[in-house]
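S.K.: If it helps, the file is called run_15.pdb and holds PDB, C-alpha atoms, pLDDT in the B column:
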ATOM      1  CA  MET B  25       0.000   0.000   0.000  1.00 92.00           C
ATOM      2  CA  VAL B  26       1.321   3.433  -0.987  1.00 97.00           C
ATOM      3  CA  ARG B  27       1.895   5.852   1.875  1.00 98.00           C
ATOM      4  CA  ILE B  28       0.298   9.235   1.141  1.00 98.00           C
ATOM      5  CA  ALA B  29       1.068  12.718   2.445  1.00 98.00           C
ATOM      6  CA  VAL B  30      -1.516  15.475   1.944  1.00 98.00           C
ATOM      7  CA  LEU B  31      -0.269  19.082   1.840  1.00 98.00           C
ATOM      8  CA  VAL B  32      -2.797  21.706   2.933  1.00 97.00           C
ATOM      9  CA  SER B  33      -3.178  25.438   3.505  1.00 96.00           C
ATOM     10  CA  GLY B  34      -6.837  26.013   4.384  1.00 92.00           C
ATOM     11  CA  GLY B  35     -10.011  24.399   5.600  1.00 93.00           C
ATOM     12  CA  GLY B  36      -9.276  20.876   4.441  1.00 95.00           C
ATOM     13  CA  THR B  37     -12.368  20.115   2.370  1.00 96.00           C
ATOM     14  CA  ASN B  38     -10.354  18.107  -0.169  1.00 97.00           C
ATOM     15  CA  LEU B  39      -8.496  16.370   2.660  1.00 97.00           C
ATOM     16  CA  GLN B  40     -11.880  15.382   4.071  1.00 97.00           C
ATOM     17  CA  ALA B  41     -12.916  14.042   0.670  1.00 98.00           C
ATOM     18  CA  LEU B  42      -9.802  11.856   0.609  1.00 98.00           C
ATOM     19  CA  LEU B  43     -10.395  10.621   4.159  1.00 98.00           C
ATOM     20  CA  ASP B  44     -14.011   9.832   3.263  1.00 97.00           C
ATOM     21  CA  ALA B  45     -12.803   7.966   0.177  1.00 98.00           C
ATOM     22  CA  GLU B  46     -10.630   5.760   2.380  1.00 97.00           C
ATOM     23  CA  ARG B  47     -13.609   5.002   4.608  1.00 96.00           C
ATOM     24  CA  LYS B  48     -15.892   4.242   1.655  1.00 97.00           C
ATOM     25  CA  GLY B  49     -13.386   1.951  -0.064  1.00 96.00           C
ATOM     26  CA  ILE B  50     -12.754   4.273  -3.018  1.00 96.00           C
ATOM     27  CA  LEU B  51      -9.134   4.831  -2.030  1.00 97.00           C
ATOM     28  CA  THR B  52      -7.815   1.367  -1.208  1.00 97.00           C
ATOM     29  CA  SER B  53      -4.343   1.216  -2.786  1.00 97.00           C
ATOM     30  CA  GLY B  54      -2.956   4.023  -0.623  1.00 97.00           C
ATOM     31  CA  LYS B  55      -3.250   5.291   2.926  1.00 97.00           C
ATOM     32  CA  ILE B  56      -2.980   8.851   4.239  1.00 98.00           C
ATOM     33  CA  VAL B  57      -0.252   8.712   6.874  1.00 98.00           C
ATOM     34  CA  LEU B  58       0.753  12.380   7.094  1.00 98.00           C
ATOM     35  CA  VAL B  59      -0.849  15.824   6.725  1.00 98.00           C
ATOM     36  CA  VAL B  60       1.419  18.865   6.384  1.00 98.00           C
ATOM     37  CA  ALA B  61       0.248  22.490   6.654  1.00 97.00           C
ATOM     38  CA  ASP B  62       2.297  25.459   5.496  1.00 95.00           C
ATOM     39  CA  ARG B  63       0.807  28.134   7.771  1.00 92.00           C
ATOM     40  CA  GLU B  64      -0.572  28.816  11.249  1.00 88.00           C
ATOM     41  CA  GLY B  65      -4.299  28.499  11.809  1.00 89.00           C
ATOM     42  CA  CYS B  66      -4.806  25.889   9.091  1.00 93.00           C
ATOM     43  CA  LYS B  67      -8.147  24.269   9.931  1.00 93.00           C
ATOM     44  CA  ALA B  68      -7.291  21.179   7.921  1.00 95.00           C
ATOM     45  CA  LEU B  69      -5.046  20.114  10.807  1.00 95.00           C
ATOM     46  CA  GLU B  70      -8.170  19.747  12.955  1.00 95.00           C
ATOM     47  CA  LYS B  71      -9.563  17.246  10.428  1.00 96.00           C
ATOM     48  CA  ALA B  72      -6.306  15.298  10.546  1.00 96.00           C
ATOM     49  CA  LYS B  73      -6.503  15.181  14.345  1.00 95.00           C
ATOM     50  CA  THR B  74     -10.152  14.043  14.258  1.00 96.00           C
ATOM     51  CA  HIS B  75      -9.164  11.135  12.007  1.00 96.00           C
ATOM     52  CA  ALA B  76      -6.024  10.335  14.025  1.00 97.00           C
ATOM     53  CA  VAL B  77      -3.711  11.101  11.113  1.00 97.00           C
ATOM     54  CA  PRO B  78      -0.265  12.416  12.151  1.00 97.00           C
ATOM     55  CA  SER B  79       0.207  16.039  11.150  1.00 97.00           C
ATOM     56  CA  LEU B  80       2.913  18.655  10.940  1.00 96.00           C
ATOM     57  CA  MET B  81       2.836  22.446  10.662  1.00 96.00           C
ATOM     58  CA  LEU B  82       5.761  24.058   8.872  1.00 96.00           C
ATOM     59  CA  ASP B  83       5.224  27.817   8.773  1.00 94.00           C
ATOM     60  CA  LYS B  84       6.680  28.846   5.436  1.00 93.00           C
ATOM     61  CA  ASN B  85       6.608  32.546   6.324  1.00 91.00           C
ATOM     62  CA  THR B  86       8.741  31.923   9.407  1.00 93.00           C
ATOM     63  CA  LEU B  87      11.088  29.340   7.927  1.00 94.00           C
ATOM     64  CA  GLY B  88      11.625  30.812   4.457  1.00 93.00           C
ATOM     65  CA  LYS B  89      11.195  28.768   1.287  1.00 93.00           C
ATOM     66  CA  ALA B  90      14.511  26.889   1.333  1.00 95.00           C
ATOM     67  CA  GLU B  91      14.255  25.772   4.964  1.00 96.00           C
ATOM     68  CA  PHE B  92      10.555  24.996   4.547  1.00 96.00           C
ATOM     69  CA  GLU B  93      11.250  22.656   1.632  1.00 97.00           C
ATOM     70  CA  LYS B  94      14.220  21.080   3.431  1.00 97.00           C
ATOM     71  CA  LYS B  95      12.077  20.197   6.449  1.00 97.00           C
ATOM     72  CA  LEU B  96       9.231  19.057   4.209  1.00 97.00           C
ATOM     73  CA  VAL B  97      11.502  16.685   2.291  1.00 97.00           C
ATOM     74  CA  GLU B  98      12.835  15.305   5.586  1.00 97.00           C
ATOM     75  CA  ALA B  99       9.296  14.667   6.862  1.00 97.00           C
ATOM     76  CA  LEU B 100       8.216  12.976   3.632  1.00 98.00           C
ATOM     77  CA  GLU B 101      11.273  10.737   3.511  1.00 97.00           C
ATOM     78  CA  GLU B 102      11.073   9.839   7.212  1.00 97.00           C
ATOM     79  CA  ASN B 103       7.480   8.723   6.683  1.00 97.00           C
ATOM     80  CA  GLY B 104       8.242   6.711   3.536  1.00 97.00           C
ATOM     81  CA  ILE B 105       5.854   8.751   1.407  1.00 98.00           C
ATOM     82  CA  GLY B 106       5.151   7.369  -2.050  1.00 97.00           C
ATOM     83  CA  LEU B 107       2.536   9.898  -3.190  1.00 98.00           C
ATOM     84  CA  VAL B 108       2.195  13.587  -2.339  1.00 98.00           C
ATOM     85  CA  ILE B 109      -1.227  15.202  -2.799  1.00 98.00           C
ATOM     86  CA  LEU B 110      -1.622  18.976  -2.876  1.00 97.00           C
ATOM     87  CA  ALA B 111      -5.131  19.629  -1.576  1.00 96.00           C
ATOM     88  CA  GLY B 112      -5.758  23.350  -1.392  1.00 92.00           C
ATOM     89  CA  PHE B 113      -2.029  23.897  -0.906  1.00 94.00           C
ATOM     90  CA  LEU B 114      -1.112  27.477  -1.799  1.00 91.00           C
ATOM     91  CA  SER B 115       2.688  27.398  -1.688  1.00 91.00           C
ATOM     92  CA  ILE B 116       4.535  27.151  -5.005  1.00 91.00           C
ATOM     93  CA  LEU B 117       7.164  24.415  -4.752  1.00 94.00           C
ATOM     94  CA  SER B 118      10.588  24.750  -6.353  1.00 94.00           C
ATOM     95  CA  GLY B 119      11.724  22.897  -9.451  1.00 93.00           C
ATOM     96  CA  ASP B 120      14.188  20.889  -7.350  1.00 94.00           C
ATOM     97  CA  PHE B 121      11.405  19.754  -5.042  1.00 95.00           C
ATOM     98  CA  CYS B 122       9.148  18.832  -7.970  1.00 95.00           C
ATOM     99  CA  ARG B 123      11.930  16.794  -9.602  1.00 95.00           C
ATOM    100  CA  ARG B 124      12.534  14.915  -6.356  1.00 95.00           C
ATOM    101  CA  PHE B 125       8.905  13.761  -6.403  1.00 96.00           C
ATOM    102  CA  GLU B 126       8.527  13.566 -10.171  1.00 95.00           C
ATOM    103  CA  GLU B 127       5.388  11.640 -11.217  1.00 95.00           C
ATOM    104  CA  ARG B 128       4.600  11.123  -7.525  1.00 97.00           C
ATOM    105  CA  MET B 129       2.873  14.427  -6.745  1.00 98.00           C
ATOM    106  CA  ILE B 130      -0.611  15.535  -7.813  1.00 98.00           C
ATOM    107  CA  ASN B 131      -2.727  18.655  -7.408  1.00 97.00           C
ATOM    108  CA  VAL B 132      -6.415  19.470  -7.778  1.00 97.00           C
ATOM    109  CA  HIS B 133      -7.226  22.778  -9.470  1.00 97.00           C
ATOM    110  CA  PRO B 134     -10.742  24.298  -9.568  1.00 97.00           C
ATOM    111  CA  SER B 135     -11.028  24.859 -13.315  1.00 98.00           C
ATOM    112  CA  LEU B 136     -10.758  22.960 -16.572  1.00 98.00           C
ATOM    113  CA  ILE B 137      -7.078  23.527 -17.274  1.00 98.00           C
ATOM    114  CA  PRO B 138      -5.807  25.371 -19.302  1.00 96.00           C
ATOM    115  CA  SER B 139      -8.632  27.814 -18.530  1.00 97.00           C
ATOM    116  CA  PHE B 140      -8.162  30.035 -15.467  1.00 97.00           C
ATOM    117  CA  SER B 141      -4.972  28.353 -14.337  1.00 97.00           C
ATOM    118  CA  GLY B 142      -1.346  29.170 -13.667  1.00 93.00           C
ATOM    119  CA  LYS B 143       0.291  31.716 -11.412  1.00 89.00           C
ATOM    120  CA  GLY B 144      -2.186  33.862  -9.497  1.00 91.00           C
ATOM    121  CA  PHE B 145      -5.201  31.619 -10.094  1.00 95.00           C
ATOM    122  CA  TYR B 146      -6.230  29.999  -6.826  1.00 93.00           C
ATOM    123  CA  GLY B 147      -9.255  29.824  -4.535  1.00 93.00           C
ATOM    124  CA  LEU B 148     -12.086  32.234  -5.278  1.00 96.00           C
ATOM    125  CA  LYS B 149      -9.947  34.060  -7.839  1.00 97.00           C
ATOM    126  CA  VAL B 150     -10.471  31.162 -10.255  1.00 98.00           C
ATOM    127  CA  HIS B 151     -14.253  31.339  -9.955  1.00 98.00           C
ATOM    128  CA  GLU B 152     -14.300  35.138 -10.127  1.00 98.00           C
ATOM    129  CA  ALA B 153     -12.398  34.931 -13.414  1.00 98.00           C
ATOM    130  CA  ALA B 154     -14.749  32.285 -14.793  1.00 98.00           C
ATOM    131  CA  LEU B 155     -17.813  34.376 -14.010  1.00 98.00           C
ATOM    132  CA  LEU B 156     -16.204  37.527 -15.398  1.00 98.00           C
ATOM    133  CA  ARG B 157     -15.442  35.708 -18.658  1.00 97.00           C
ATOM    134  CA  GLY B 158     -19.018  34.449 -18.843  1.00 98.00           C
ATOM    135  CA  VAL B 159     -18.243  30.764 -19.373  1.00 98.00           C
ATOM    136  CA  LYS B 160     -21.183  28.367 -19.205  1.00 98.00           C
ATOM    137  CA  VAL B 161     -19.111  25.358 -18.116  1.00 98.00           C
ATOM    138  CA  THR B 162     -16.238  25.147 -15.659  1.00 98.00           C
ATOM    139  CA  GLY B 163     -14.993  22.271 -13.515  1.00 98.00           C
ATOM    140  CA  ALA B 164     -11.937  20.807 -11.876  1.00 98.00           C
ATOM    141  CA  THR B 165      -8.695  19.157 -12.949  1.00 98.00           C
ATOM    142  CA  VAL B 166      -6.299  16.779 -11.230  1.00 98.00           C
ATOM    143  CA  HIS B 167      -2.814  16.939 -12.695  1.00 98.00           C
ATOM    144  CA  ILE B 168       0.753  15.884 -12.089  1.00 98.00           C
ATOM    145  CA  VAL B 169       2.771  18.623 -10.387  1.00 97.00           C
ATOM    146  CA  ASP B 170       5.867  19.888 -12.164  1.00 94.00           C
ATOM    147  CA  ASN B 171       7.844  23.137 -12.085  1.00 91.00           C
ATOM    148  CA  VAL B 172       5.172  25.045 -14.058  1.00 93.00           C
ATOM    149  CA  PRO B 173       2.158  26.093 -11.929  1.00 92.00           C
ATOM    150  CA  ASP B 174      -0.820  23.988 -13.084  1.00 94.00           C
ATOM    151  CA  GLY B 175       1.276  22.894 -16.055  1.00 95.00           C
ATOM    152  CA  GLY B 176       1.761  19.184 -15.400  1.00 96.00           C
ATOM    153  CA  ARG B 177       0.170  16.274 -17.240  1.00 97.00           C
ATOM    154  CA  ILE B 178      -3.604  16.138 -16.778  1.00 98.00           C
ATOM    155  CA  LEU B 179      -4.920  12.994 -15.093  1.00 98.00           C
ATOM    156  CA  MET B 180      -8.645  13.707 -14.761  1.00 98.00           C
ATOM    157  CA  GLN B 181     -11.149  16.462 -15.440  1.00 98.00           C
ATOM    158  CA  LYS B 182     -14.830  16.871 -14.622  1.00 98.00           C
ATOM    159  CA  ALA B 183     -17.131  19.570 -15.970  1.00 98.00           C
ATOM    160  CA  VAL B 184     -19.613  21.579 -13.903  1.00 98.00           C
ATOM    161  CA  GLU B 185     -22.389  23.837 -15.195  1.00 98.00           C
ATOM    162  CA  VAL B 186     -22.270  27.548 -14.391  1.00 98.00           C
ATOM    163  CA  MET B 187     -25.637  29.011 -13.333  1.00 98.00           C
ATOM    164  CA  ASP B 188     -26.861  32.478 -14.321  1.00 96.00           C
ATOM    165  CA  ASN B 189     -27.204  33.557 -10.680  1.00 97.00           C
ATOM    166  CA  ASP B 190     -23.873  32.149  -9.498  1.00 98.00           C
ATOM    167  CA  THR B 191     -21.548  34.058  -7.218  1.00 98.00           C
ATOM    168  CA  PRO B 192     -17.892  33.051  -6.837  1.00 98.00           C
ATOM    169  CA  GLU B 193     -18.857  31.379  -3.549  1.00 98.00           C
ATOM    170  CA  THR B 194     -21.757  29.330  -4.924  1.00 98.00           C
ATOM    171  CA  LEU B 195     -19.727  28.301  -7.946  1.00 98.00           C
ATOM    172  CA  GLN B 196     -16.797  27.318  -5.761  1.00 98.00           C
ATOM    173  CA  ARG B 197     -19.054  25.098  -3.664  1.00 97.00           C
ATOM    174  CA  ARG B 198     -20.609  23.405  -6.703  1.00 98.00           C
ATOM    175  CA  VAL B 199     -17.205  22.738  -8.276  1.00 98.00           C
ATOM    176  CA  MET B 200     -15.998  21.181  -5.032  1.00 98.00           C
ATOM    177  CA  GLU B 201     -19.083  19.007  -4.558  1.00 98.00           C
ATOM    178  CA  GLN B 202     -19.569  17.947  -8.185  1.00 98.00           C
ATOM    179  CA  ALA B 203     -15.958  17.709  -9.335  1.00 98.00           C
ATOM    180  CA  GLU B 204     -13.054  18.136  -6.910  1.00 98.00           C
ATOM    181  CA  TRP B 205     -14.300  15.776  -4.223  1.00 98.00           C
ATOM    182  CA  ILE B 206     -15.027  13.120  -6.843  1.00 98.00           C
ATOM    183  CA  ILE B 207     -11.988  13.137  -9.113  1.00 98.00           C
ATOM    184  CA  LEU B 208      -9.279  13.791  -6.503  1.00 98.00           C
ATOM    185  CA  PRO B 209      -9.833  10.466  -4.673  1.00 98.00           C
ATOM    186  CA  GLN B 210     -10.200   8.663  -8.014  1.00 98.00           C
ATOM    187  CA  ALA B 211      -6.932  10.119  -9.284  1.00 98.00           C
ATOM    188  CA  ALA B 212      -5.206   9.285  -5.998  1.00 98.00           C
ATOM    189  CA  GLU B 213      -6.299   5.657  -6.304  1.00 98.00           C
ATOM    190  CA  MET B 214      -5.144   5.544  -9.933  1.00 97.00           C
ATOM    191  CA  MET B 215      -1.737   6.974  -9.001  1.00 97.00           C
ATOM    192  CA  CYS B 216      -1.299   4.573  -6.092  1.00 97.00           C
ATOM    193  CA  ARG B 217      -1.987   1.608  -8.363  1.00 96.00           C
ATOM    194  CA  THR B 218       0.540   2.948 -10.878  1.00 95.00           C
ATOM    195  CA  ILE B 219       3.190   3.463  -8.202  1.00 94.00           C
ATOM    196  CA  ASP B 220       2.531  -0.001  -6.760  1.00 85.00           C
ATOM    197  CA  GLY B 221       2.893  -1.508 -10.234  1.00 81.00           C
ATOM    198  CA  GLU B 222       6.198   0.275 -10.800  1.00 76.00           C
ATOM    199  CA  LYS B 223       7.489  -1.110  -7.491  1.00 64.00           C
ATOM    200  CA  GLU B 224       6.551  -4.644  -8.485  1.00 60.00           C
ATOM    201  CA  ASN B 225       8.300  -4.284 -11.833  1.00 60.00           C
ATOM    202  CA  THR B 226      11.567  -3.272 -10.137  1.00 57.00           C
ATOM    203  CA  LEU B 227      11.586  -6.210  -7.718  1.00 49.00           C
TER
END
Would you mind writing the file's structure down as structure tokens?
M.R.:
Amino acid sequence: MVRIAVLVSGGGTNLQALLDAERKGILTSGKIVLVVADREGCKALEKAKTHAVPSLMLDKNTLGKAEFEKKLVEALEENGIGLVILAGFLSILSGDFCRRFEERMINVHPSLIPSFSGKGFYGLKVHEAALLRGVKVTGATVHIVDNVPDGGRILMQKAVEVMDNDTPETLQRRVMEQAEWIILPQAAEMMCRTIDGEKENTL
């Protein structure tokens, strides 16, 4: 079974979706063994505690980027992590870090990449941009993480209808419920099976 670390910055709704997927038998080829937050007051850590998952808070603003990534790598290696999942994680990771976990790190983004993606597009900003552009369909994407923000290979996408009376908040909620919380666990399971298969082939 692949050991999974989930990196978080906010409320932990995608972390909860992954934990629920474990309970429901959707995510069976991997297990969440570590949750790492990059800032103080991250509510996702409360969800980790509720589910008895070990957690770690590394304040990037206090540590600085280099020291933050050094301590993060140490924590991931000490815990034997095979898959890293960015779930509402707002820090941009360096190219060196991404290469270290090449093809073993995924992210969920709240749009249909390449629309409304890349540097500066995160959280409500994505949905504000979608509404401003007047699109009728948006959605979510799970992709491999590389050194280009939201630029890695796409694994899964799911479309969501935009309503005429949507606000950024209502659209954000619908995208989470109808797309993010569905495809992130599915992509995690797919990646874990791939990683497990690669291990078997090297034995």
S.K.: Do you know which residues the PyMOL selection byres ((chain B and resi 212) around 10) returns on this file, as number ranges by chain?
M.R.: B: 28, 42, 45, 50-55, 107-109, 129-131, 166, 179, 207-211, 213-218
S.K.: Nearest to Ile105 (chain B) among B:Ile56, B:Val132, B:Asp120, B:Leu87, with distances taken over all atoms listed in the file: which residue is it?
M.R.: B:Ile56
S.K.: I need the residue set behind the PyMOL selection byres ((chain B and resi 141) around 12) for this file; please write it as a ChimeraX atom specification.
M.R.: /B:132-140,142-147,149-151,153-154,162-165,167,172-176
S.K.: Taking C-alpha atoms for each residue, export the selection above as a short mmCIF file (atom, residue, chain, number, x, y, z; two decimals), keeping the file's coordinate frame.
M.R.:
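Below you can see selection_9.cif, which holds the result:
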data_model
loop_
_atom_site.label_atom_id
_atom_site.label_comp_id
_atom_site.auth_asym_id
_atom_site.auth_seq_id
_atom_site.Cartn_x
_atom_site.Cartn_y
_atom_site.Cartn_z
CA VAL B 132 -6.42 19.47 -7.78
CA HIS B 133 -7.23 22.78 -9.47
CA PRO B 134 -10.74 24.30 -9.57
CA SER B 135 -11.03 24.86 -13.32
CA LEU B 136 -10.76 22.96 -16.57
CA ILE B 137 -7.08 23.53 -17.27
CA PRO B 138 -5.81 25.37 -19.30
CA SER B 139 -8.63 27.81 -18.53
CA PHE B 140 -8.16 30.04 -15.47
CA GLY B 142 -1.35 29.17 -13.67
CA LYS B 143 0.29 31.72 -11.41
CA GLY B 144 -2.19 33.86 -9.50
CA PHE B 145 -5.20 31.62 -10.09
CA TYR B 146 -6.23 30.00 -6.83
CA GLY B 147 -9.26 29.82 -4.54
CA LYS B 149 -9.95 34.06 -7.84
CA VAL B 150 -10.47 31.16 -10.26
CA HIS B 151 -14.25 31.34 -9.96
CA ALA B 153 -12.40 34.93 -13.41
CA ALA B 154 -14.75 32.28 -14.79
CA THR B 162 -16.24 25.15 -15.66
CA GLY B 163 -14.99 22.27 -13.52
CA ALA B 164 -11.94 20.81 -11.88
CA THR B 165 -8.70 19.16 -12.95
CA HIS B 167 -2.81 16.94 -12.70
CA VAL B 172 5.17 25.04 -14.06
CA PRO B 173 2.16 26.09 -11.93
CA ASP B 174 -0.82 23.99 -13.08
CA GLY B 175 1.28 22.89 -16.06
CA GLY B 176 1.76 19.18 -15.40
#
S.K.: Counting all atoms listed in the file, write as a PyMOL selection string all protein and nucleic acid residues lying at most 8 Å from (-21.4, 19.2, -15.7) in the file's frame.
M.R.: chain B and resi 161-163+182-185+202
S.K.: Would you work out the distance separating CA of Lys84 (chain B) from CA of Ser33 (chain B), expressed in Å to one decimal?
M.R.: 10.6 Å
S.K.: Give me the box for region 61-66 of chain B as AutoDock Vina command-line options, namely the centre and edge lengths in Å to one decimal of a box along x, y and z that holds every listed atom plus 8 Å on each side.
M.R.:
--center_x -1.3 --center_y 25.7 --center_z 8.7 --size_x 23.1 --size_y 22.3 --size_z 22.3
S.K.: I'd like the interatomic distance between CA of Met81 (chain B) and CA of Ile168 (chain B), to a tenth of an Å.
M.R.: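 Pair CA of Met81 (chain B) / CA of Ile168 (chain B) returns 23.8 Å.
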S.K.: What is the distance between CA of Glu46 (chain B) and CA of Gly221 (chain B), in Å to one decimal?
M.R.: 19.9 Å
S.K.: Would you please work out which residue, of B:Gly65, B:Gly104, B:Met187, B:Val60, is nearest to Val26 (chain B) when using all atoms listed in the file?
M.R.: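 Looking at the shortest contact to Val26 (chain B), the residue is B:Gly104.
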S.K.: Between B:Ala72, B:Leu80, B:Leu148, B:Val169, single out the one closest to Ser118 (chain B), counting only C-alpha atoms.
M.R.: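 Looking at the shortest contact to Ser118 (chain B), the residue is B:Val169.
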S.K.: Between B:Gly112, B:Gly119, B:Lys67, B:Arg27, single out the one closest to Asp220 (chain B), counting only C-alpha atoms.
M.R.: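 Residue with the minimum atom-to-atom distance to Asp220 (chain B): B:Arg27.
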S.K.: Restricting the calculation to only C-alpha atoms: of B:Ile219, B:Arg177, B:Phe92, B:Leu43, which residue gets closest to Ala76 (chain B)?
M.R.: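 Once distances to Ala76 (chain B) are computed over only C-alpha atoms, the minimum belongs to B:Leu43.
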S.K.: Which residue gives the smallest distance to Val159 (chain B) among B:Met180, B:Leu195, B:Ala61, B:Val30, with only C-alpha atoms counted?
M.R.: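 Answer, going by the shortest atom-to-atom distance: B:Leu195.
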